[in-house]
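One file, run.cif, is given below (mmCIF, C-alpha atoms).
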```cif
data_query
#
loop_
_atom_site.label_atom_id
_atom_site.label_comp_id
_atom_site.auth_asym_id
_atom_site.auth_seq_id
_atom_site.Cartn_x
_atom_site.Cartn_y
_atom_site.Cartn_z
CA MET R 12 0.00 0.00 0.00
CA LEU R 13 2.91 2.34 0.79
CA VAL R 14 4.28 1.79 -2.71
CA VAL R 15 1.00 2.80 -4.34
CA LEU R 16 0.57 5.86 -2.08
CA ALA R 17 4.13 7.03 -2.77
CA ALA R 18 3.67 6.56 -6.53
CA LEU R 19 0.35 8.43 -6.49
CA GLY R 20 1.91 11.21 -4.39
CA ALA R 21 4.70 11.49 -6.93
CA ALA R 22 2.14 11.66 -9.75
CA VAL R 23 0.29 14.50 -8.00
CA LEU R 24 3.52 16.43 -7.44
CA TYR R 25 4.57 15.92 -11.07
CA ALA R 26 1.17 17.24 -12.16
CA VAL R 27 1.51 20.33 -9.96
CA ALA R 28 5.03 20.90 -11.31
CA SER R 29 3.86 20.58 -14.92
CA VAL R 30 1.00 23.02 -14.48
CA LEU R 31 3.08 25.62 -12.62
CA GLN R 32 6.01 25.43 -15.03
CA GLN R 33 3.83 25.46 -18.14
CA ARG R 34 1.96 28.51 -16.88
CA ALA R 35 5.19 30.34 -16.05
CA ALA R 36 6.64 29.50 -19.47
CA ALA R 37 3.46 30.62 -21.26
CA GLU R 38 3.74 34.03 -19.58
CA GLN R 39 7.22 34.62 -21.02
CA PRO R 40 7.65 36.77 -24.16
CA GLU R 41 7.42 34.76 -27.38
CA ASP R 42 10.69 36.20 -28.67
CA GLN R 43 12.48 34.34 -25.84
CA SER R 44 11.31 30.96 -27.10
CA LEU R 45 14.21 28.50 -27.55
CA ARG R 46 16.71 31.01 -26.15
CA LEU R 47 18.77 30.98 -22.96
CA GLY R 48 17.02 34.20 -21.98
CA LEU R 49 13.88 32.14 -21.46
CA LEU R 50 15.56 30.20 -18.65
CA ALA R 51 16.90 33.39 -17.14
CA GLY R 52 13.38 34.77 -17.04
CA LEU R 53 11.88 31.57 -15.67
CA VAL R 54 14.24 31.22 -12.70
CA ARG R 55 12.97 34.59 -11.47
CA ARG R 56 9.36 33.40 -11.45
CA PRO R 57 8.10 32.02 -8.11
CA SER R 58 5.68 29.66 -9.86
CA TRP R 59 8.52 28.15 -11.91
CA LEU R 60 10.64 27.68 -8.79
CA LEU R 61 7.70 26.16 -6.90
CA GLY R 62 7.25 23.80 -9.83
CA MET R 63 10.90 22.77 -9.50
CA VAL R 64 10.34 22.05 -5.79
CA ALA R 65 7.27 19.95 -6.66
CA ASP R 66 9.36 18.07 -9.24
CA GLY R 67 11.98 17.37 -6.59
CA GLY R 68 9.34 16.11 -4.18
CA GLY R 69 7.93 13.90 -6.93
CA PHE R 70 11.36 12.39 -7.53
CA VAL R 71 11.79 11.65 -3.82
CA LEU R 72 8.41 9.90 -3.64
CA GLN R 73 9.12 8.02 -6.86
CA PHE R 74 12.45 6.80 -5.49
CA LEU R 75 10.76 5.69 -2.26
CA ALA R 76 8.12 3.79 -4.21
CA LEU R 77 10.74 2.14 -6.42
CA ALA R 78 12.81 1.18 -3.39
CA ALA R 79 9.88 -0.77 -1.96
CA GLY R 80 7.95 -1.87 -5.05
CA ALA R 81 8.21 -3.25 -8.55
CA ILE R 82 8.97 -0.87 -11.39
CA ALA R 83 6.14 -2.52 -13.36
CA LEU R 84 3.71 -1.14 -10.76
CA VAL R 85 5.29 2.22 -9.88
CA GLN R 86 6.06 3.60 -13.33
CA PRO R 87 2.58 3.03 -14.81
CA LEU R 88 1.01 4.76 -11.79
CA LEU R 89 3.09 7.84 -12.60
CA VAL R 90 1.10 8.13 -15.84
CA LEU R 91 -1.74 9.31 -13.62
CA SER R 92 0.07 12.65 -13.38
CA LEU R 93 -1.55 13.38 -16.75
CA LEU R 94 -4.97 12.86 -15.23
CA PHE R 95 -4.14 14.99 -12.19
CA ALA R 96 -2.71 17.76 -14.38
CA LEU R 97 -5.80 17.94 -16.59
CA PRO R 98 -8.30 19.33 -14.06
CA LEU R 99 -5.61 21.30 -12.23
CA GLY R 100 -4.47 22.95 -15.45
CA THR R 101 -7.98 23.84 -16.55
CA TRP R 102 -8.76 25.24 -13.10
CA VAL R 103 -5.59 27.37 -13.00
CA SER R 104 -6.16 28.67 -16.53
CA GLY R 105 -9.86 29.33 -15.99
CA GLN R 106 -10.84 26.99 -18.82
CA ARG R 107 -13.39 24.19 -18.84
CA LEU R 108 -12.88 20.52 -19.53
CA ARG R 109 -14.18 19.47 -22.93
CA ILE R 110 -15.75 16.13 -23.79
CA ALA R 111 -12.63 15.27 -25.81
CA ASP R 112 -10.51 15.87 -22.69
CA LEU R 113 -12.70 13.56 -20.63
CA LEU R 114 -12.63 10.88 -23.33
CA ALA R 115 -8.84 11.09 -23.50
CA ALA R 116 -8.65 10.79 -19.70
CA ALA R 117 -10.93 7.75 -19.82
CA ALA R 118 -8.70 6.21 -22.50
CA VAL R 119 -5.64 6.75 -20.29
CA CYS R 120 -7.43 5.10 -17.35
CA GLY R 121 -8.53 2.19 -19.51
CA GLY R 122 -5.06 1.72 -20.93
CA LEU R 123 -3.47 1.88 -17.49
CA ALA R 124 -5.95 -0.62 -16.03
CA THR R 125 -5.37 -2.96 -18.97
CA PHE R 126 -1.60 -2.65 -18.64
CA LEU R 127 -1.62 -3.32 -14.90
CA ASP R 128 -3.98 -6.27 -15.33
CA ALA R 129 -2.08 -7.81 -18.23
CA GLY R 130 1.31 -7.07 -16.75
CA ALA R 131 0.37 -8.37 -13.30
CA PRO R 132 3.27 -6.53 -11.65
CA ALA R 133 5.21 -8.95 -9.47
CA ALA R 134 8.71 -10.30 -9.18
CA GLY R 135 10.01 -10.70 -12.71
CA ARG R 136 12.85 -12.09 -14.71
CA ALA R 137 16.28 -10.52 -14.87
CA PHE R 138 16.74 -11.42 -18.55
CA ILE R 139 14.65 -10.50 -21.58
CA PRO R 140 15.58 -12.14 -24.91
CA GLY R 141 16.99 -9.90 -27.63
CA ARG R 142 14.21 -10.86 -30.05
CA THR R 143 11.67 -9.47 -27.57
CA TRP R 144 13.49 -6.12 -27.44
CA LEU R 145 13.71 -6.10 -31.24
CA ALA R 146 9.98 -6.80 -31.59
CA LEU R 147 9.19 -3.99 -29.15
CA LEU R 148 11.52 -1.61 -31.00
CA VAL R 149 9.97 -2.40 -34.38
CA ALA R 150 6.41 -2.10 -33.00
CA GLY R 151 7.20 1.18 -31.22
CA CYS R 152 8.90 2.72 -34.25
CA GLY R 153 6.07 1.54 -36.49
CA LEU R 154 3.47 3.14 -34.24
CA ALA R 155 5.51 6.35 -34.04
CA LEU R 156 5.75 6.45 -37.85
CA VAL R 157 2.00 5.94 -38.24
CA LEU R 158 1.29 8.73 -35.74
CA VAL R 159 3.75 11.13 -37.40
CA LEU R 160 2.24 10.48 -40.83
CA ALA R 161 -1.28 10.89 -39.45
CA GLY R 162 -0.24 14.12 -37.74
CA ARG R 163 1.20 15.51 -40.96
CA ARG R 164 -2.09 14.89 -42.76
CA ALA R 165 -4.29 16.28 -39.98
CA GLY R 166 -5.35 19.87 -39.68
CA ASP R 167 -3.84 22.24 -37.12
CA ARG R 168 -6.49 21.59 -34.46
CA ALA R 169 -6.24 17.80 -34.70
CA ARG R 170 -2.44 17.91 -34.81
#
```
Structure encoded using structure tokens:
Amino acid sequence: MLVVLAALGAAVLYAVASVLQQRAAAEQPEDQSLRLGLLAGLVRRPSWLLGMVADGGGFVLQFLALAAGAIALVQPLLVLSLLFALPLGTWVSGQRLRIADLLAAAAVCGGLATFLDAGAPAAGRAFIPGRTWLALLVAGCGLALVLVLAGRRAGDRAR
């Protein structure tokens, strides 16, 4: 139970960090984008620094969870930071959640539940055959290629 609580705590802190840092970065002048001046401006923003503290706290909780639990359980739970960041980000920005946002969140939950069920995190093997890594690499690259090609064909909003 401690492993799950630590992983969920890390996910919440990562979500807080993401929202605070994204908001601070969005408030910077556009002409600073991809320049060192952007970082100089961000380190003077309290929200950016608070986001860095939240990131640090998330790392500590993640390390604690990994010290006591299986990586196959801890790491997938960190995906929940996306779900925690969604309502927090919309609340901070004054926006409203759209149906598409809720459907995407449901898809993340479904995928996570499926992964945890199928993976059945427990003590594992120390060795994975090279052909398994190769199959995963080919499948991952293939999926990435399909998504890139689909993104290039999609309109700006869908992209």
Next on the checklist: Env of Gly52 (chain R): 12 Å cut, atoms = all atoms listed in the file, seq-sep filter 5 positions within chain, self excluded. Answer as a ChimeraX atom specification.
Outcome noted: /R:35-41,43-44,46-47,57-60
Checklist outcome for this item: note - CA of Val30 (chain R) and CA of Leu158 (chain R) are separated by 25.6 Å
Checklist entry - the PyMOL selection byres ((chain R and resi 96-112) around 8) on the file shown: which residues, as a list of chain:residue names? => result R:Val23, R:Ala26, R:Val27, R:Ser29, R:Val30, R:Ser92, R:Leu93, R:Leu94, R:Phe95, R:Leu113, R:Leu114, R:Ala115, R:Ala116
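Distances from R:Ala78, R:Leu19, R:Leu53, R:Met12 to Val90 (chain R) were compared using all atoms listed in the file, and the smallest one belongs to R:Leu19.
Nearest-residue note for Ala28 (chain R): choosing from R:Phe126, R:Phe138, R:Trp144, R:Phe70, the minimum distance belongs to R:Phe70, counting all atoms listed in the file.
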Checklist entry - Which residue, R:Ala124, R:Ala129, R:Leu61, R:Ala21, has the smallest gap to Phe74 (chain R) when you use all atoms listed in the file? => result R:Ala21
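Distance-wise, CA of Ala146 (chain R) and CA of Cys120 (chain R) end up 25.4 Å apart.
Atom pair CA of Met63 (chain R) / CA of Ala83 (chain R) has a distance of 26.0 Å (rounded to one decimal).
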Next on the checklist: What would the selection look like, as a PyMOL selection string, if the PyMOL selection byres ((chain R and resi 75) around 12) were run on the coordinates I just shared?
Outcome noted: chain R and resi 13-21+68-74+76-82+85
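Among the candidate residues R:Val119, R:Leu50, R:Ala165, R:Leu31, the one lying nearest to Val64 (chain R) is R:Leu31, with distances computed using all atoms listed in the file.
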